[in-house]
$ cat query-v3.cif   # mmCIF, C-alpha atoms and all ligand atoms
data_target
loop_
_atom_site.label_atom_id
_atom_site.label_comp_id
_atom_site.auth_asym_id
_atom_site.auth_seq_id
_atom_site.Cartn_x
_atom_site.Cartn_y
_atom_site.Cartn_z
CA MET A 1 125.51 73.00 282.89
CA GLY A 2 128.12 71.68 280.43
CA TYR A 3 129.65 68.23 280.45
CA PHE A 4 133.26 68.91 281.46
CA SER A 5 134.19 67.78 284.93
CA PHE A 6 136.90 69.26 287.12
CA GLU A 7 139.07 67.73 289.82
CA PRO A 8 140.34 69.57 292.91
CA ILE A 9 143.48 71.59 292.17
CA TYR A 10 146.81 70.21 293.42
CA VAL A 11 150.40 71.40 293.39
CA GLU A 12 153.04 69.55 291.35
CA ASP A 13 156.62 70.84 291.15
CA GLY A 14 155.38 74.21 292.35
CA ASN A 15 152.69 74.44 289.66
CA LYS A 16 148.96 74.55 290.38
CA VAL A 17 147.41 71.77 288.32
CA LEU A 18 143.76 71.45 287.32
CA GLU A 19 142.66 68.10 285.89
CA ILE A 20 139.68 68.22 283.55
CA ASP A 21 137.60 65.60 281.77
CA ILE A 22 136.30 66.75 278.38
CA LEU A 23 134.19 63.69 277.53
CA PRO A 24 130.52 63.39 278.57
CA GLU A 25 130.90 59.63 279.12
CA LYS A 26 133.45 56.97 278.24
CA TYR A 27 134.53 57.11 274.59
CA CYS A 28 137.64 55.21 273.58
CA ASN A 29 139.27 53.35 270.70
CA PHE A 30 140.43 50.65 273.18
CA ASP A 31 138.49 48.50 275.61
CA CYS A 32 141.22 47.47 278.04
CA VAL A 33 140.40 44.63 280.41
CA PHE A 34 141.95 46.63 283.27
CA CYS A 35 140.18 49.92 282.47
CA PRO A 36 139.06 51.56 285.73
CA LEU A 37 136.09 53.00 283.82
CA GLY A 38 134.66 49.58 282.90
CA ARG A 39 133.73 48.33 279.42
CA THR A 40 133.85 50.67 276.41
CA ILE A 41 130.30 50.89 275.11
CA ASN A 42 131.18 53.79 272.82
CA LYS A 43 134.14 52.50 270.82
CA LEU A 44 135.04 55.19 268.32
CA GLU A 45 137.40 55.36 265.35
CA ARG A 46 136.89 59.06 264.63
CA GLN A 47 136.11 62.26 266.47
CA GLN A 48 132.59 63.01 267.57
CA LEU A 49 130.84 66.32 268.14
CA PHE A 50 129.34 66.46 271.62
CA ALA A 51 127.06 69.13 273.07
CA GLU A 52 128.11 72.79 272.97
CA ILE A 53 131.01 73.64 275.25
CA ASP A 54 130.47 77.35 275.99
CA HIS A 55 129.20 76.77 279.51
CA SER A 56 132.06 74.36 280.26
CA LEU A 57 134.64 76.84 278.96
CA SER A 58 133.17 79.66 281.09
CA ARG A 59 133.47 77.47 284.15
CA LEU A 60 136.98 76.49 283.16
CA VAL A 61 138.15 80.07 282.74
CA ASN A 62 136.64 81.06 286.10
CA ILE A 63 138.45 78.21 287.87
CA ILE A 64 141.71 79.15 286.13
CA LYS A 65 141.39 82.80 287.15
CA ASP A 66 140.14 82.24 290.69
CA ASN A 67 142.90 79.75 291.48
CA GLN A 68 145.74 81.07 289.31
CA VAL A 69 146.09 77.67 287.67
CA ASP A 70 149.46 77.07 285.93
CA LEU A 71 148.69 73.85 284.09
CA VAL A 72 145.51 72.16 282.86
CA TYR A 73 145.78 68.39 282.57
CA ILE A 74 143.27 66.94 280.10
CA ASN A 75 142.66 63.51 281.64
CA SER A 76 139.35 62.17 280.39
CA LYS A 77 137.04 59.17 280.54
CA GLY A 78 138.62 57.56 277.51
CA GLU A 79 140.52 59.03 274.56
CA ALA A 80 140.20 62.83 274.75
CA LEU A 81 141.32 63.23 271.12
CA LEU A 82 137.93 61.80 270.11
CA ASN A 83 136.20 65.02 271.16
CA SER A 84 136.00 67.08 267.95
CA SER A 85 136.33 70.28 270.00
CA ILE A 86 139.67 69.33 271.52
CA SER A 87 141.74 71.56 269.27
CA TYR A 88 139.61 74.56 270.22
CA ILE A 89 139.74 73.60 273.92
CA ILE A 90 143.56 73.34 273.92
CA ASP A 91 143.99 76.68 272.15
CA PHE A 92 141.44 78.29 274.49
CA ILE A 93 143.44 77.18 277.55
CA LYS A 94 146.73 78.26 275.98
CA SER A 95 145.25 81.70 275.20
CA LYS A 96 144.86 82.18 278.98
CA GLY A 97 148.62 81.73 279.40
CA VAL A 98 148.20 78.28 280.96
CA LEU A 99 150.20 75.16 280.10
CA VAL A 100 148.38 72.09 278.73
CA ARG A 101 149.16 68.42 279.38
CA LEU A 102 147.17 65.84 277.41
CA LEU A 103 146.68 62.18 278.32
CA SER A 104 146.14 59.89 275.33
CA ASN A 105 146.49 56.15 275.00
CA GLY A 106 148.76 57.15 272.11
CA TYR A 107 147.28 55.23 269.19
CA LEU A 108 146.02 58.26 267.27
CA LEU A 109 149.17 60.34 267.76
CA GLY A 110 150.75 59.09 264.54
CA ARG A 111 147.89 60.32 262.35
CA ASP A 112 148.34 63.78 260.90
CA THR A 113 145.14 65.38 262.22
CA TYR A 114 145.72 64.24 265.78
CA LYS A 115 149.46 64.85 265.62
CA GLU A 116 148.76 68.45 264.72
CA ILE A 117 146.32 68.82 267.64
CA ALA A 118 148.69 67.25 270.18
CA ASN A 119 151.54 69.45 268.93
CA HIS A 120 149.75 72.42 270.51
CA CYS A 121 150.16 70.89 273.99
CA ASP A 122 153.14 71.51 276.25
CA GLU A 123 153.17 67.90 277.38
CA VAL A 124 151.65 64.73 275.97
CA VAL A 125 151.37 61.47 277.89
CA GLY A 126 151.19 58.22 275.91
CA GLU A 127 150.73 54.74 277.33
CA LEU A 128 152.47 51.38 277.02
CA THR A 129 151.38 48.07 278.51
CA VAL A 130 151.54 44.79 276.61
CA ILE A 131 154.31 44.01 274.15
CA THR A 132 153.02 41.25 271.89
CA GLU A 133 150.42 41.52 269.13
CA ASN A 134 148.38 38.74 270.64
CA ASP A 135 148.26 40.41 274.07
CA PHE A 136 147.47 43.75 272.47
CA GLN A 137 144.32 42.29 270.92
CA LYS A 138 143.43 40.25 274.00
CA ILE A 139 144.12 42.79 276.77
CA LEU A 140 143.62 46.20 275.15
CA ARG A 141 140.80 45.02 272.84
CA PRO A 142 141.25 47.86 270.32
CA LEU A 143 139.24 48.65 267.22
CA ASP A 144 139.39 45.88 264.60
CA SER A 145 142.04 47.27 262.29
CA TYR A 146 144.49 48.28 265.05
CA THR A 147 147.86 46.57 265.50
CA LEU A 148 150.56 46.80 268.15
CA THR A 149 153.13 47.58 265.47
CA GLU A 150 151.18 50.62 264.33
CA TYR A 151 150.54 51.68 267.92
CA LEU A 152 154.24 51.76 268.78
CA SER A 153 155.29 53.41 265.55
CA ASN A 154 152.56 56.04 266.01
CA MET A 155 154.01 57.13 269.33
CA ALA A 156 157.57 57.01 268.03
CA SER A 157 156.76 59.06 264.93
CA PHE A 158 154.79 61.57 266.97
CA ASN A 159 157.64 62.10 269.40
CA LYS A 160 160.20 62.42 266.63
CA GLN A 161 158.60 65.67 265.48
CA TYR A 162 157.19 66.89 268.82
CA SER A 163 158.91 69.83 270.54
CA GLY A 164 157.10 69.51 273.89
CA VAL A 165 157.62 67.01 276.69
CA PHE A 166 156.57 63.47 275.81
CA THR A 167 155.90 61.23 278.80
CA LEU A 168 155.52 57.49 278.46
CA ALA A 169 153.33 55.88 281.13
CA ILE A 170 154.08 52.16 281.41
CA THR A 171 151.76 49.81 283.29
CA ILE A 172 153.23 46.54 284.50
CA LEU A 173 150.82 43.60 284.29
CA LYS A 174 151.53 40.30 286.01
CA GLY A 175 152.00 37.52 283.47
CA TYR A 176 152.15 39.90 280.49
CA ASN A 177 155.15 42.19 280.82
CA ASP A 178 156.83 41.45 284.16
CA ASP A 179 159.43 38.80 283.24
CA GLU A 180 163.06 39.58 282.36
CA GLN A 181 162.57 39.09 278.63
CA SER A 182 159.61 41.48 278.62
CA ILE A 183 161.55 44.09 280.59
CA GLN A 184 164.33 43.94 278.00
CA GLN A 185 161.74 44.38 275.24
CA ILE A 186 160.23 47.33 277.07
CA LYS A 187 163.69 48.89 277.30
CA ASN A 188 164.05 48.50 273.54
CA LEU A 189 160.66 50.14 273.05
CA ILE A 190 161.68 53.02 275.30
CA ASP A 191 164.69 53.50 273.02
CA GLN A 192 162.39 53.45 269.99
CA ILE A 193 159.83 55.91 271.37
CA ALA A 194 162.47 58.03 273.16
CA PRO A 195 160.25 59.70 275.79
CA ASP A 196 161.45 62.69 277.80
CA LYS A 197 159.89 61.28 280.94
CA LEU A 198 158.87 57.86 282.15
CA VAL A 199 156.17 56.90 284.63
CA VAL A 200 155.94 53.26 285.72
CA THR A 201 152.80 52.02 287.46
CA ARG A 202 151.03 48.75 288.20
CA ILE A 203 147.42 47.69 288.53
CA GLU A 204 146.19 48.20 292.08
CA ASP A 205 142.49 47.33 291.79
CA PRO A 206 141.96 44.24 294.02
CA ARG A 207 139.26 43.03 291.59
CA LEU A 208 142.06 42.52 289.05
CA LYS A 209 144.22 40.50 291.41
CA ARG A 210 145.55 38.22 288.68
CA LEU A 211 147.18 41.23 286.98
CA ILE A 212 148.80 42.72 290.10
CA VAL A 213 152.59 42.45 290.31
CA ASP A 214 153.82 42.20 293.91
CA GLU A 215 155.54 45.22 295.39
CA GLN A 216 159.05 43.81 295.46
CA ARG A 217 158.99 42.76 291.81
CA PHE A 218 157.34 46.00 290.81
CA ASN A 219 160.07 48.03 292.53
CA GLN A 220 162.77 45.98 290.74
CA ILE A 221 161.14 46.56 287.36
CA SER A 222 160.50 50.20 288.03
CA THR A 223 164.12 50.80 289.05
CA ALA A 224 165.44 48.95 285.99
CA LEU A 225 163.27 50.97 283.60
CA MET A 226 163.91 54.29 285.28
CA GLU A 227 167.68 53.68 285.17
CA ARG A 228 167.38 52.98 281.48
CA ASN A 229 165.63 56.27 280.92
CA ILE A 230 168.22 58.23 282.89
CA LEU A 231 171.04 56.63 280.88
CA ASN A 232 169.43 57.71 277.60
S1 LIG B 301 142.86 53.33 276.82
FE1 LIG B 301 142.48 54.04 278.93
S2 LIG B 301 140.35 54.80 278.87
FE2 LIG B 301 140.63 53.56 277.01
S3 LIG B 301 139.88 51.54 277.59
FE3 LIG B 301 142.11 51.56 277.96
S4 LIG B 301 142.35 52.14 280.11
FE4 LIG B 301 140.24 52.66 279.52
#
$ encode --input "query-v3.cif" --output "structure tokens" --more "lines below"
Ligand code: SF4
Amino acid sequence: MGYFSFEPIYVEDGNKVLEIDILPEKYCNFDCVFCPLGRTINKLERQQLFAEIDHSLSRLVNIIKDNQVDLVYINSKGEALLNSSISYIIDFIKSKGVLVRLLSNGYLLGRDTYKEIANHCDEVVGELTVITENDFQKILRPLDSYTLTEYLSNMASFNKQYSGVFTLAITILKGYNDDEQSIQQIKNLIDQIAPDKLVVTRIEDPRLKRLIVDEQRFNQISTALMERNILN
């Protein structure tokens, strides 16, 4: 059967987009408290070889052909770069004349092997949430050796050499990055990472009520950050 999963196709800016998940279950180098997938049981530092992907790729190519897909968005249960077949998967999709967008939390993008893999994508989405080292450890619960400083510099160094579109997805968390000082710091980080596009979101899961920023404040923050990006 294969372990990839496929979402219904949708249209974005006139392009038919197919979202795919290339992980058999959740594998990540973070264990964020707000993760919609729940706790990370499989916390990985390096890539892992999963089951063979031939069946999944046959299904993928049939969906691409039958629906004239323009862009495949690799949006997985965790960090897709941890699948050791990802390089092959990206090149396979590109060989069909289809664009590739990759979602990553961004930590691995500064390391040469992963940088090289992500460079093959037309668009890469990295993520930004908390802005202090303490909150990084407490809220994103990464692997032991990880630091916020390295995280941010990884995304910045990746984007410095990347020729595709780099999108930064920022999540606003109540009590962690929603005050004026934090917004100013986020603006500075946007300058440092220099994304081509910005997406600002907030937690919406009612089970995480303590992290939900109210709509009015969220709209203020979102407008302030978006303006910053337009000015740059
Ligand atoms: S980086 Fe994404 S997938 Fe990984 S634990 Fe955090 S929210 Fe979940």
$ residues_around --input "query-v3.cif" --residues "region 99-112 of chain A" --least-positions-apart "3" --cutoff "8 Å" --atoms "all atoms listed in the file" --output "ChimeraX atom specification"
/A:70-76,79-81,90,93-94,115-116,118,121-128,150-158
$ closest_residue --input "query-v3.cif" --among "A:Ile20, A:Gly2, A:Val130, A:Ile117" --to "Leu189 (chain A)" --atoms "only C-alpha atoms"
A:Val130
$ residues_near_ligand --input "query-v3.cif" --ligand "ligand LIG 301 (chain B)" --cutoff "7 Å" --atoms "all atoms listed in the file" --output "PDB file with C-alpha atoms, in the coordinates of the input"
ATOM      1  CA  CYS A  28     137.640  55.210 273.580  1.00  0.00           C
ATOM      2  CA  ASN A  29     139.270  53.350 270.700  1.00  0.00           C
ATOM      3  CA  PHE A  30     140.430  50.650 273.180  1.00  0.00           C
ATOM      4  CA  ASP A  31     138.490  48.500 275.610  1.00  0.00           C
ATOM      5  CA  CYS A  32     141.220  47.470 278.040  1.00  0.00           C
ATOM      6  CA  PHE A  34     141.950  46.630 283.270  1.00  0.00           C
ATOM      7  CA  CYS A  35     140.180  49.920 282.470  1.00  0.00           C
ATOM      8  CA  PRO A  36     139.060  51.560 285.730  1.00  0.00           C
ATOM      9  CA  LEU A  37     136.090  53.000 283.820  1.00  0.00           C
ATOM     10  CA  THR A  40     133.850  50.670 276.410  1.00  0.00           C
ATOM     11  CA  LYS A  77     137.040  59.170 280.540  1.00  0.00           C
ATOM     12  CA  GLY A  78     138.620  57.560 277.510  1.00  0.00           C
ATOM     13  CA  GLU A  79     140.520  59.030 274.560  1.00  0.00           C
ATOM     14  CA  ASN A 105     146.490  56.150 275.000  1.00  0.00           C
ATOM     15  CA  LEU A 140     143.620  46.200 275.150  1.00  0.00           C
TER      16      LEU A 140
END
$ closest_residue --input "query-v3.cif" --among "A:Val11, A:Val33, A:Leu82, A:Ile221" --to "Asp179 (chain A)" --atoms "only C-alpha atoms"
A:Ile221
$ atom_distance --input "query-v3.cif" --atom1 "CA of Leu211 (chain A)" --atom2 "CA of Gly175 (chain A)"
7.0 Å
$ decode --input "query-v3.cif" --residues "region 101-140 of chain A" --atoms "N, CA and C atoms" --output "PDB file, in the first residue's frame"
ATOM      1  N   ARG A 101       7.107  22.355  -2.800  1.00  0.00           N
ATOM      2  CA  ARG A 101       7.206  23.200  -1.593  1.00  0.00           C
ATOM      3  C   ARG A 101       7.425  22.250  -0.413  1.00  0.00           C
ATOM      4  N   LEU A 102       8.379  22.600   0.440  1.00  0.00           N
ATOM      5  CA  LEU A 102       8.705  21.737   1.587  1.00  0.00           C
ATOM      6  C   LEU A 102       8.473  22.484   2.894  1.00  0.00           C
ATOM      7  N   LEU A 103       7.716  21.855   3.799  1.00  0.00           N
ATOM      8  CA  LEU A 103       7.573  22.416   5.150  1.00  0.00           C
ATOM      9  C   LEU A 103       8.592  21.747   6.069  1.00  0.00           C
ATOM     10  N   SER A 104       9.362  22.585   6.776  1.00  0.00           N
ATOM     11  CA  SER A 104      10.339  22.085   7.747  1.00  0.00           C
ATOM     12  C   SER A 104      10.233  22.987   8.974  1.00  0.00           C
ATOM     13  N   ASN A 105      10.536  22.454  10.170  1.00  0.00           N
ATOM     14  CA  ASN A 105      10.558  23.407  11.280  1.00  0.00           C
ATOM     15  C   ASN A 105      11.766  24.336  11.140  1.00  0.00           C
ATOM     16  N   GLY A 106      12.733  23.955  10.313  1.00  0.00           N
ATOM     17  CA  GLY A 106      13.827  24.851   9.958  1.00  0.00           C
ATOM     18  C   GLY A 106      15.151  24.570  10.641  1.00  0.00           C
ATOM     19  N   TYR A 107      15.137  23.713  11.673  1.00  0.00           N
ATOM     20  CA  TYR A 107      16.382  23.540  12.445  1.00  0.00           C
ATOM     21  C   TYR A 107      17.498  22.934  11.589  1.00  0.00           C
ATOM     22  N   LEU A 108      17.146  21.955  10.778  1.00  0.00           N
ATOM     23  CA  LEU A 108      18.185  21.226  10.035  1.00  0.00           C
ATOM     24  C   LEU A 108      18.679  21.974   8.792  1.00  0.00           C
ATOM     25  N   LEU A 109      18.006  23.052   8.433  1.00  0.00           N
ATOM     26  CA  LEU A 109      18.320  23.712   7.159  1.00  0.00           C
ATOM     27  C   LEU A 109      19.724  24.295   7.090  1.00  0.00           C
ATOM     28  N   GLY A 110      20.345  24.511   8.229  1.00  0.00           N
ATOM     29  CA  GLY A 110      21.694  25.080   8.212  1.00  0.00           C
ATOM     30  C   GLY A 110      22.780  24.032   8.048  1.00  0.00           C
ATOM     31  N   ARG A 111      22.420  22.772   8.105  1.00  0.00           N
ATOM     32  CA  ARG A 111      23.428  21.705   7.987  1.00  0.00           C
ATOM     33  C   ARG A 111      23.564  21.297   6.526  1.00  0.00           C
ATOM     34  N   ASP A 112      24.804  21.097   6.101  1.00  0.00           N
ATOM     35  CA  ASP A 112      25.085  20.961   4.669  1.00  0.00           C
ATOM     36  C   ASP A 112      24.214  19.933   3.944  1.00  0.00           C
ATOM     37  N   THR A 113      24.072  18.741   4.543  1.00  0.00           N
ATOM     38  CA  THR A 113      23.311  17.676   3.862  1.00  0.00           C
ATOM     39  C   THR A 113      21.880  18.112   3.608  1.00  0.00           C
ATOM     40  N   TYR A 114      21.279  18.696   4.614  1.00  0.00           N
ATOM     41  CA  TYR A 114      19.859  19.072   4.502  1.00  0.00           C
ATOM     42  C   TYR A 114      19.693  20.328   3.651  1.00  0.00           C
ATOM     43  N   LYS A 115      20.665  21.213   3.756  1.00  0.00           N
ATOM     44  CA  LYS A 115      20.661  22.426   2.937  1.00  0.00           C
ATOM     45  C   LYS A 115      20.628  22.040   1.450  1.00  0.00           C
ATOM     46  N   GLU A 116      21.476  21.092   1.124  1.00  0.00           N
ATOM     47  CA  GLU A 116      21.577  20.630  -0.261  1.00  0.00           C
ATOM     48  C   GLU A 116      20.247  20.035  -0.733  1.00  0.00           C
ATOM     49  N   ILE A 117      19.613  19.266   0.132  1.00  0.00           N
ATOM     50  CA  ILE A 117      18.320  18.655  -0.213  1.00  0.00           C
ATOM     51  C   ILE A 117      17.264  19.742  -0.424  1.00  0.00           C
ATOM     52  N   ALA A 118      17.182  20.669   0.527  1.00  0.00           N
ATOM     53  CA  ALA A 118      16.146  21.714   0.450  1.00  0.00           C
ATOM     54  C   ALA A 118      16.374  22.636  -0.744  1.00  0.00           C
ATOM     55  N   ASN A 119      17.635  22.776  -1.162  1.00  0.00           N
ATOM     56  CA  ASN A 119      17.936  23.624  -2.317  1.00  0.00           C
ATOM     57  C   ASN A 119      17.255  23.142  -3.592  1.00  0.00           C
ATOM     58  N   HIS A 120      16.871  21.880  -3.630  1.00  0.00           N
ATOM     59  CA  HIS A 120      16.206  21.337  -4.831  1.00  0.00           C
ATOM     60  C   HIS A 120      14.731  21.735  -4.893  1.00  0.00           C
ATOM     61  N   CYS A 121      14.207  22.296  -3.800  1.00  0.00           N
ATOM     62  CA  CYS A 121      12.784  22.669  -3.763  1.00  0.00           C
ATOM     63  C   CYS A 121      12.593  24.085  -4.316  1.00  0.00           C
ATOM     64  N   ASP A 122      11.407  24.330  -4.837  1.00  0.00           N
ATOM     65  CA  ASP A 122      11.083  25.665  -5.345  1.00  0.00           C
ATOM     66  C   ASP A 122      10.720  26.613  -4.211  1.00  0.00           C
ATOM     67  N   GLU A 123      10.177  26.045  -3.144  1.00  0.00           N
ATOM     68  CA  GLU A 123       9.818  26.861  -1.990  1.00  0.00           C
ATOM     69  C   GLU A 123      10.081  26.049  -0.726  1.00  0.00           C
ATOM     70  N   VAL A 124      10.619  26.717   0.289  1.00  0.00           N
ATOM     71  CA  VAL A 124      10.828  26.076   1.588  1.00  0.00           C
ATOM     72  C   VAL A 124      10.151  26.951   2.641  1.00  0.00           C
ATOM     73  N   VAL A 125       9.412  26.281   3.531  1.00  0.00           N
ATOM     74  CA  VAL A 125       8.746  26.995   4.621  1.00  0.00           C
ATOM     75  C   VAL A 125       9.434  26.627   5.933  1.00  0.00           C
ATOM     76  N   GLY A 126       9.949  27.640   6.635  1.00  0.00           N
ATOM     77  CA  GLY A 126      10.534  27.429   7.960  1.00  0.00           C
ATOM     78  C   GLY A 126       9.618  28.042   9.003  1.00  0.00           C
ATOM     79  N   GLU A 127       9.847  27.721  10.266  1.00  0.00           N
ATOM     80  CA  GLU A 127       8.915  28.167  11.303  1.00  0.00           C
ATOM     81  C   GLU A 127       9.618  28.968  12.403  1.00  0.00           C
ATOM     82  N   LEU A 128       8.853  29.907  12.972  1.00  0.00           N
ATOM     83  CA  LEU A 128       9.369  30.698  14.092  1.00  0.00           C
ATOM     84  C   LEU A 128       8.254  30.862  15.117  1.00  0.00           C
ATOM     85  N   THR A 129       8.579  30.582  16.377  1.00  0.00           N
ATOM     86  CA  THR A 129       7.582  30.799  17.436  1.00  0.00           C
ATOM     87  C   THR A 129       8.234  31.589  18.570  1.00  0.00           C
ATOM     88  N   VAL A 130       8.806  30.885  19.533  1.00  0.00           N
ATOM     89  CA  VAL A 130       9.343  31.573  20.710  1.00  0.00           C
ATOM     90  C   VAL A 130      10.664  32.268  20.390  1.00  0.00           C
ATOM     91  N   ILE A 131      11.030  33.232  21.244  1.00  0.00           N
ATOM     92  CA  ILE A 131      12.196  34.058  20.931  1.00  0.00           C
ATOM     93  C   ILE A 131      13.218  34.132  22.060  1.00  0.00           C
ATOM     94  N   THR A 132      13.043  33.311  23.095  1.00  0.00           N
ATOM     95  CA  THR A 132      14.094  33.253  24.115  1.00  0.00           C
ATOM     96  C   THR A 132      14.550  31.793  24.235  1.00  0.00           C
ATOM     97  N   GLU A 133      15.806  31.645  24.663  1.00  0.00           N
ATOM     98  CA  GLU A 133      16.391  30.297  24.779  1.00  0.00           C
ATOM     99  C   GLU A 133      15.578  29.435  25.757  1.00  0.00           C
ATOM    100  N   ASN A 134      15.191  30.085  26.835  1.00  0.00           N
ATOM    101  CA  ASN A 134      14.445  29.357  27.860  1.00  0.00           C
ATOM    102  C   ASN A 134      13.111  28.835  27.302  1.00  0.00           C
ATOM    103  N   ASP A 135      12.399  29.700  26.585  1.00  0.00           N
ATOM    104  CA  ASP A 135      11.116  29.290  26.005  1.00  0.00           C
ATOM    105  C   ASP A 135      11.305  28.246  24.898  1.00  0.00           C
ATOM    106  N   PHE A 136      12.412  28.373  24.193  1.00  0.00           N
ATOM    107  CA  PHE A 136      12.701  27.383  23.139  1.00  0.00           C
ATOM    108  C   PHE A 136      12.777  25.978  23.744  1.00  0.00           C
ATOM    109  N   GLN A 137      13.499  25.876  24.861  1.00  0.00           N
ATOM    110  CA  GLN A 137      13.638  24.567  25.510  1.00  0.00           C
ATOM    111  C   GLN A 137      12.306  24.122  26.120  1.00  0.00           C
ATOM    112  N   LYS A 138      11.589  25.061  26.704  1.00  0.00           N
ATOM    113  CA  LYS A 138      10.369  24.738  27.445  1.00  0.00           C
ATOM    114  C   LYS A 138       9.170  24.453  26.520  1.00  0.00           C
ATOM    115  N   ILE A 139       9.050  25.203  25.444  1.00  0.00           N
ATOM    116  CA  ILE A 139       7.867  25.107  24.585  1.00  0.00           C
ATOM    117  C   ILE A 139       8.086  24.210  23.369  1.00  0.00           C
ATOM    118  N   LEU A 140       9.284  24.281  22.770  1.00  0.00           N
ATOM    119  CA  LEU A 140       9.527  23.449  21.578  1.00  0.00           C
ATOM    120  C   LEU A 140      10.169  22.103  21.933  1.00  0.00           C
TER     121      LEU A 140
END
